[in-house]
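A quick write-up on the structure given underneath.
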Amino acid sequence: MEKPRLQLIIDTDIGTDPDDAFALTYSIKNPNVDVNAITIVQGIPLARAKIAKKLELLLGVNIPITVGEEGPDYKKWVAGFELEALTMQEFKEPFRNNPFPIYTKDTKLVCIGPLTNIAYQLEKNPSIKNVKEVYIMGCTGDHNIAADTEAAEKVLAEPWNIFQITKQDSLKITFTPEELEKLRGNRIGEFLYESAIRGIRYLKREKTAMYDVLTVSAAMGEDYVKFKQTAKNRFVSDGVDLKLKNRILEVIKE
């Protein structure tokens with residue numbers, strides 16, 4: 001008897017740090033996972049949604065995308081180079097927006113952006129209450145929490161089983177520009193390579209961290225990320241197997 005495929009809904013602020021695009025690719029290419037919907041959060045969400053659509057086209061999938069909330073003080077979190085991921089034609093193309101998705105008891109919710117959309121849906125989308133497991137990139141003080149602290153307080157107060165990935169663990173899986181060269185050779189690899197190099201250049205970093213890939217990996221039930229229980233329904237990352245780095249390269253090159 002075949003094992004049922006995992007059901008994920010991913011909330012993302014794709015477009016600034018490149019790890020969102022890596023995380024979406026990593027999950028969409030997994031044959032044991034169905035990414036049922038992608039919701040977009042934080043400043044210029046329509047542009048971010050178009051970047052996600054471009055990624056989908058490169059991967060040959062058509063997953064519903066929802067243009068979500070901008071979030072408070074969103075201009076503070078827009079670096080200014082996000083639109084370089086799109087050609088002028090891609091930016092001008094009309095976008096078919098979708099309503100927020102329907103969640104079931106089998107849905108695993110993956111949050112790799114600020115929690116604005118999730119807090120909004122707690123008030124406007126009753127089906128989100130069906131969720132039992134939520135995977136969040138970030139802990140107190142990290143960007144995804146700090147960008148909308150009010151939303152984070154609401155989400156973290158829910159009775160879900162909540163798994164949080166620390167920045168400290170995420171920084172253990174990184175790629176330098178030289179290592180990113182290994183991605184090249186197919187269309188999706190080129191897109192991710194260019195996204196990562198753009199982020200490194202504009203954000204003035206020496207390498208790029210795979211924060212969000214750790215989060216989707218954990219949601220998919222892989223054993224690369226280790227957790228410790230810190231409360232009845234709260235689990236925080238406690239180390240990562242460095243083999244995940246090679247696995248990311250393998251998945252993208254497949």
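In the structure tokens, each chain is lettered A, B, ... as it comes, each chain's residues begin at 1, and ligands are numbered from 1 in order of appearance.
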
query = Which neighbours of region 6-23 of chain A fall inside 7 Å, counting only C-alpha atoms, when residues of the same chain fewer than 5 positions from it are skipped, and could you give them as an MDAnalysis selection string?
reply = chainID A and resid 32:42 48 51:52 79 82 106:113 192 195:196 199 209:213 216 220

task = Going by DSSP on the backbone, which bits of region 18-64 of chain A are strand (DSSP E or B)? Write them as a PyMOL selection string, please.
result = chain A and resi 33-40

inquiry  = Would you pick out the contacts of region 168-179 of chain A at 7 Å or less, using only C-alpha atoms, so that residues sharing its chain but fewer than 5 positions from it are not included, and give the list as JSON, numbers by chain?
reply    = {"A": [197, 206, 207, 208, 209, 210, 211, 214, 239, 240, 242, 245]}

Just-selected residues, N, CA and C atoms written as a PDB file, in the first residue's frame:
ATOM      1  N   ILE A 197      22.981  34.877  -6.452  1.00  0.00           N
ATOM      2  CA  ILE A 197      24.059  35.833  -6.709  1.00  0.00           C
ATOM      3  C   ILE A 197      23.548  37.266  -6.553  1.00  0.00           C
ATOM      4  N   GLU A 206      28.814  37.361   1.845  1.00  0.00           N
ATOM      5  CA  GLU A 206      29.811  36.495   1.225  1.00  0.00           C
ATOM      6  C   GLU A 206      29.216  35.170   0.785  1.00  0.00           C
ATOM      7  N   LYS A 207      28.062  34.823   1.352  1.00  0.00           N
ATOM      8  CA  LYS A 207      27.405  33.555   1.018  1.00  0.00           C
ATOM      9  C   LYS A 207      25.929  33.685   1.332  1.00  0.00           C
ATOM     10  N   THR A 208      25.153  32.705   0.900  1.00  0.00           N
ATOM     11  CA  THR A 208      23.708  32.743   1.148  1.00  0.00           C
ATOM     12  C   THR A 208      23.298  31.536   1.971  1.00  0.00           C
ATOM     13  N   ALA A 209      22.460  31.764   2.969  1.00  0.00           N
ATOM     14  CA  ALA A 209      22.027  30.704   3.883  1.00  0.00           C
ATOM     15  C   ALA A 209      20.699  30.113   3.428  1.00  0.00           C
ATOM     16  N   MET A 210      20.517  28.825   3.709  1.00  0.00           N
ATOM     17  CA  MET A 210      19.323  28.090   3.279  1.00  0.00           C
ATOM     18  C   MET A 210      18.279  28.006   4.390  1.00  0.00           C
ATOM     19  N   TYR A 211      18.005  29.140   5.032  1.00  0.00           N
ATOM     20  CA  TYR A 211      17.034  29.175   6.138  1.00  0.00           C
ATOM     21  C   TYR A 211      15.759  28.375   5.829  1.00  0.00           C
ATOM     22  N   LEU A 214      15.584  24.433   5.319  1.00  0.00           N
ATOM     23  CA  LEU A 214      15.502  23.637   6.544  1.00  0.00           C
ATOM     24  C   LEU A 214      14.054  23.494   6.993  1.00  0.00           C
ATOM     25  N   GLY A 239      19.981  21.522  15.988  1.00  0.00           N
ATOM     26  CA  GLY A 239      21.027  20.936  15.160  1.00  0.00           C
ATOM     27  C   GLY A 239      20.508  20.521  13.795  1.00  0.00           C
ATOM     28  N   VAL A 240      21.424  20.421  12.850  1.00  0.00           N
ATOM     29  CA  VAL A 240      21.070  20.032  11.484  1.00  0.00           C
ATOM     30  C   VAL A 240      22.181  19.160  10.915  1.00  0.00           C
ATOM     31  N   LEU A 242      24.569  18.159   8.196  1.00  0.00           N
ATOM     32  CA  LEU A 242      25.154  18.930   7.108  1.00  0.00           C
ATOM     33  C   LEU A 242      25.026  18.242   5.752  1.00  0.00           C
ATOM     34  N   LYS A 245      23.061  19.877   2.707  1.00  0.00           N
ATOM     35  CA  LYS A 245      23.654  20.750   1.682  1.00  0.00           C
ATOM     36  C   LYS A 245      23.803  20.013   0.355  1.00  0.00           C
TER      37      LYS A 245
END

List every residue of region 148-253 of chain A that has an atom at most 10 Å from any atom of region 57-78 of chain A, and for each one report the closest atom pair and its distance in Å to one decimal, counting only C-alpha atoms, with rows sorted by chain and then by increasing residue number, as CSV.
residue,atom,partner,partner_atom,distance
A:Asp148,CA,A:Pro72,CA,6.5
A:Thr149,CA,A:Pro72,CA,9.6
A:Glu150,CA,A:Pro72,CA,9.6
A:Ala151,CA,A:Gly71,CA,9.2
A:Asn186,CA,A:Leu58,CA,9.8
A:Arg187,CA,A:Leu58,CA,6.7
A:Ile188,CA,A:Leu58,CA,5.9
A:Gly189,CA,A:Leu58,CA,9.7
A:Phe191,CA,A:Leu58,CA,8.5

task = Give me the residues within 8 Å of Thr166 (chain A) as a ChimeraX atom specification, counting only C-alpha atoms and dropping any in the same chain fewer than 5 places off.
result = /A:137-139,236-237

task = Would you list, as a ChimeraX atom specification, the residues of region 7-243 of chain A that end up in helix (DSSP H, G or I) under DSSP run on this structure's backbone?
result = /A:19-28,45-59,74-77,82-85,88-92,116-124,126-130,143-146,149-156,167-170,177-183,187-202,211-219

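Look at Thr104 (chain A): the protein and nucleic acid residues within 10 Å of it, using only C-alpha atoms and passing over chain neighbours fewer than 3 places away, are Gln7, Pro101, Thr107, Lys108, Ser127, Ile128, Lys129, Asn130, Val131 and Lys132 of chain A.
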
key: Residues near Arg247 (chain A), cut-off 12 Å, only C-alpha atoms, skip fewer than 3 positions along chain, as a ChimeraX atom specification   = /A:22,26,30,173,183,213-214,217,222,224,241-244,250-254

request  = Tell me, in Å to one decimal, how far CA of Ala219 (chain A) is from CA of Gly185 (chain A).
outcome  =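 Between CA of Ala219 (chain A) and CA of Gly185 (chain A) the gap is 28.3 Å.
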